[in-house]
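Below is one structure, written out as structure tokens; comments come after it.
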Amino acid sequence: MLETLDAAAVRRWCAGGLAVLRQHQGEIDELNVYPVPDGDTGTNLVLTLTSAQQALAMDLGTLPDDGSTGHGHALRLMAQGALLGARGNSGVILAQILRGLADAVAEVPAVRGRALATALRAATTAAYAAVAHPVEGTLLSVVAAAAGAAEAAASDDLPTVARSAADAAAHAVGRTPGQLPALASAGVVDAGGRGFCLLLDALVEVVTGERPDRPAAAPRPVGPPPTAVRETGSPEYAYEVQFLLDAEPAAVQRMRADLAALGDSLVVVGGDRTWHVHVHVNDIGAAVEAGVVAGRPYRITVSRFADQPAAGAPPPERAGRAAVVVSDGAGITELFAREGAAVVPGNPSSGDLLAAIRATGAAGVVLLPNDPATQAVASLAAREADGTGVRVSVVPTRSPVQALAALAVRDPGRRFEDDVIAMAEAAGACRYAEVCYAGREALTVAGPCRPGDVLALVEGEVHLIGADLVDTCTGVVDRMLGGGGELVTLLSGADAPAGLAEAVREHVGRRWPFVEVQAYPGGQPHYPLLVGVE
């Protein structure tokens, strides 16, 4: 038995916790009674803790020069990894629990029983503070029960306190149906609480060498589906928005108020300038814009509740079709989400794409990478998905405007292969341009450029170099329409000056009166304007 929790024990706990969550992942997912993207709690906890373990694995064992102990440093790495990879309500709250644990023991020389009890109380306080409207009968109730029992043990013996916390958590999970009517009507316990119990049992096993013997969660009873609509919040909100945010605490507090006015199920966790934001809204763009005002949002993900299975329904066989799109920018993300596509933030790993593919639940998925550099990653994810029984085709889009053209011709009435061909043809028929500022001196096919020059790239090559943004934008549109075109799509970027897209629209109306123009606030970084011509 361990007398103290050292760095090696923290690492074993993370690995053991991840292993047991993977073992019970399907069971925890089955406990869900709510058709929301963060309803697959077992899957989301596994993904969150996987990120935590990856953060630990990347550490070279060198302590930072901030007074942290070895165990404190390991817990902080675990918490930071969980924060960056958190998925869904339960994953976000778990990241905050880990942060509370880490902050409480970072400078404690030895983590014995009383220190663990103090850390669990800090974790509880942090978790409740992160949730705008805490609900009892959830993971919050379970971590609070664990902290209370750990304090009541009044012992400095680490195994005694760890066992007390784990036992109390297990009992608290059993009480959740009495606290949350939706659970009672479905005949199940809280999924997030069940997952946290498994993590505490894994800690007990690390400390004592023995895994607690507990019965598995009762399976969902056969009967009519429950009437609950979702785990938290009102059914009037159609989208779940999540993103990471680099911002100062004061700005985050103002953002909380803005997001609270837009929707519900608001959870904001983090610190040290890095935060994880989760909210349910109808106005996707406004939610992300609140993040832009506060700081720098990234890894933005949007999921539509309507794409989730009905409440209480058994996991469906994979059927139907879906689209997964890689893109950045609040406006572009909203456009794709309203087309029913799942959006993955730019520069994803194959694992990120594979997770998004699996999350659609579809038998056939079209993958739109929107960047030449992402096509190889997309192809790898498609091959991996094929091995799991999901048919994936990559339409090699190189710009979001091509993806919009492809999505516009989707037809579920066609054979999957025919639909992919039609989407590829539509994307290929859409010429694209990007307008940006030169970051350094260079020699291009259009001549030399200097930092600050306006560059217009068509199909990836510089065609125009200018000094004025509007003139360069209208010039490149003229050049593209000179080769023919009936529809122009304009996506204005995050740093675009007010009125840029409208100025280009007015120019096209005068110069090309028979061409239709569609303009949207794209919010993409780096490029004040993206242009598509079909």
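Note on naming: chains are A, B, ... as they come in the structure tokens, residues start from 1 per chain, ligands start from 1 in the order shown.
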
Requested in this report: Using DSSP on the backbone coordinates, identify the residues of range 217-398 of chain A assigned to helix (DSSP H, G or I); present them as a count of residues only.
Outcome: 63

Requested in this report: Find, counting only C-alpha atoms, the residue in A:Ala186, A:Leu262, A:Val267, A:Leu101 that gets nearest to Ala286 in chain A.
Outcome: A:Leu262

Report task. From range 310-367 of chain A, collect each residue whose DSSP state is strand (DSSP E or B) and return the set as a list of chain:residue names. Result -> A:Arg321, A:Ala322, A:Ala323, A:Val324, A:Val325, A:Val326, A:Ala342, A:Val343, A:Val344, A:Gly364, A:Val365, A:Val366, A:Leu367

Query raised in the report: Which of these, A:Gly466, A:Ala337, A:Glu3, A:Asn347, has the shortest distance to Thr208 in chain A once you count only C-alpha atoms?
Result: A:Glu3

Query raised in the report: Of the residues A:Val108, A:Ala322, A:Val269, A:Ala153, which is the one nearest to Thr69 in chain A, using only C-alpha atoms?
Result: A:Val108

Requested in this report: Name all residues at most 9 Å from Ser492 in chain A (count only C-alpha atoms; drop same-chain ones fewer than 2 positions away) and give them as a ChimeraX atom specification.
Outcome: /A:331,490,494-497,500-501,519-524,527-531

Residues from the last selection, C-alpha atoms, saved as a PDB file, in the first residue's frame:
ATOM      1  CA  GLY A 331     -19.386  32.307 -39.697  1.00  0.00           C
ATOM      2  CA  LEU A 490     -17.776  35.954 -50.730  1.00  0.00           C
ATOM      3  CA  ALA A 494     -12.231  37.935 -38.976  1.00  0.00           C
ATOM      4  CA  ASP A 495      -9.952  40.914 -39.677  1.00  0.00           C
ATOM      5  CA  ALA A 496     -11.802  42.226 -42.730  1.00  0.00           C
ATOM      6  CA  PRO A 497     -12.694  45.928 -42.563  1.00  0.00           C
ATOM      7  CA  LEU A 500     -15.453  44.934 -47.667  1.00  0.00           C
ATOM      8  CA  ALA A 501     -17.840  42.256 -48.947  1.00  0.00           C
ATOM      9  CA  ALA A 519     -21.849  37.259 -49.214  1.00  0.00           C
ATOM     10  CA  TYR A 520     -21.430  35.869 -45.701  1.00  0.00           C
ATOM     11  CA  PRO A 521     -19.363  36.789 -42.635  1.00  0.00           C
ATOM     12  CA  GLY A 522     -16.924  33.866 -42.612  1.00  0.00           C
ATOM     13  CA  GLY A 523     -14.766  34.878 -39.660  1.00  0.00           C
ATOM     14  CA  GLN A 524     -11.769  32.930 -41.003  1.00  0.00           C
ATOM     15  CA  TYR A 527      -7.696  35.926 -45.113  1.00  0.00           C
ATOM     16  CA  PRO A 528      -9.852  39.097 -45.216  1.00  0.00           C
ATOM     17  CA  LEU A 529     -11.735  37.605 -48.170  1.00  0.00           C
ATOM     18  CA  LEU A 530     -12.329  34.184 -49.687  1.00  0.00           C
ATOM     19  CA  VAL A 531     -13.932  34.089 -53.137  1.00  0.00           C
TER      20      VAL A 531
END

Report task. Excluding range 114-125 of chain A and any residue of its chain fewer than 6 positions from it, enumerate the residues within 10 Å of it, using only C-alpha atoms, and give them as an NGL selection string. Result -> :A and (4-5 or 93-106 or 108 or 139-158 or 161-162 or 164-165)

Put those residues in a file: C-alpha atoms, as a PDB file, in the first residue's frame.
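Listed below is the output, out04.pdb:
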ATOM      1  CA  THR A   4       1.665   9.002  -0.241  1.00  0.00           C
ATOM      2  CA  LEU A   5       0.577   9.808  -3.789  1.00  0.00           C
ATOM      3  CA  ILE A  93     -16.293  19.161 -15.722  1.00  0.00           C
ATOM      4  CA  LEU A  94     -13.786  16.318 -15.284  1.00  0.00           C
ATOM      5  CA  ALA A  95     -11.037  18.630 -16.551  1.00  0.00           C
ATOM      6  CA  GLN A  96     -11.998  21.162 -13.889  1.00  0.00           C
ATOM      7  CA  ILE A  97     -12.037  18.467 -11.185  1.00  0.00           C
ATOM      8  CA  LEU A  98      -8.501  17.477 -12.151  1.00  0.00           C
ATOM      9  CA  ARG A  99      -7.429  21.110 -12.077  1.00  0.00           C
ATOM     10  CA  GLY A 100      -8.871  21.511  -8.579  1.00  0.00           C
ATOM     11  CA  LEU A 101      -6.963  18.440  -7.406  1.00  0.00           C
ATOM     12  CA  ALA A 102      -3.746  19.706  -8.984  1.00  0.00           C
ATOM     13  CA  ASP A 103      -3.977  23.215  -7.541  1.00  0.00           C
ATOM     14  CA  ALA A 104      -4.659  21.883  -4.050  1.00  0.00           C
ATOM     15  CA  VAL A 105      -1.625  19.578  -3.825  1.00  0.00           C
ATOM     16  CA  ALA A 106       0.869  21.259  -6.182  1.00  0.00           C
ATOM     17  CA  VAL A 108       2.112  19.954  -0.649  1.00  0.00           C
ATOM     18  CA  LEU A 139     -21.327  14.280 -11.694  1.00  0.00           C
ATOM     19  CA  LEU A 140     -21.301  17.334  -9.418  1.00  0.00           C
ATOM     20  CA  SER A 141     -23.260  15.502  -6.698  1.00  0.00           C
ATOM     21  CA  VAL A 142     -20.941  12.518  -6.921  1.00  0.00           C
ATOM     22  CA  VAL A 143     -17.687  14.452  -6.526  1.00  0.00           C
ATOM     23  CA  ALA A 144     -19.253  16.404  -3.623  1.00  0.00           C
ATOM     24  CA  ALA A 145     -20.158  13.143  -1.859  1.00  0.00           C
ATOM     25  CA  ALA A 146     -16.620  11.831  -2.356  1.00  0.00           C
ATOM     26  CA  ALA A 147     -15.154  14.992  -0.860  1.00  0.00           C
ATOM     27  CA  GLY A 148     -17.509  14.890   2.120  1.00  0.00           C
ATOM     28  CA  ALA A 149     -16.662  11.284   2.928  1.00  0.00           C
ATOM     29  CA  ALA A 150     -12.942  11.922   2.564  1.00  0.00           C
ATOM     30  CA  GLU A 151     -13.175  14.789   5.063  1.00  0.00           C
ATOM     31  CA  ALA A 152     -15.375  12.749   7.416  1.00  0.00           C
ATOM     32  CA  ALA A 153     -12.749   9.984   7.519  1.00  0.00           C
ATOM     33  CA  ALA A 154     -10.536  12.442   9.442  1.00  0.00           C
ATOM     34  CA  SER A 155      -7.475  10.322   8.774  1.00  0.00           C
ATOM     35  CA  ASP A 156      -4.029  10.856   7.330  1.00  0.00           C
ATOM     36  CA  ASP A 157      -3.976   7.265   6.075  1.00  0.00           C
ATOM     37  CA  LEU A 158      -4.133   7.525   2.288  1.00  0.00           C
ATOM     38  CA  VAL A 161      -9.402   8.155   2.719  1.00  0.00           C
ATOM     39  CA  ALA A 162      -9.259   6.905  -0.880  1.00  0.00           C
ATOM     40  CA  SER A 164     -13.989   6.286   1.829  1.00  0.00           C
ATOM     41  CA  ALA A 165     -14.187   8.681  -1.115  1.00  0.00           C
TER      42      ALA A 165
END

Query raised in the report: What lies within 8 Å of range 505-507 of chain A using only C-alpha atoms, ignoring chain neighbours under 5 positions off, as a list in words?
Result: Thr474, Trp512, Val517 and Ala519 of chain A
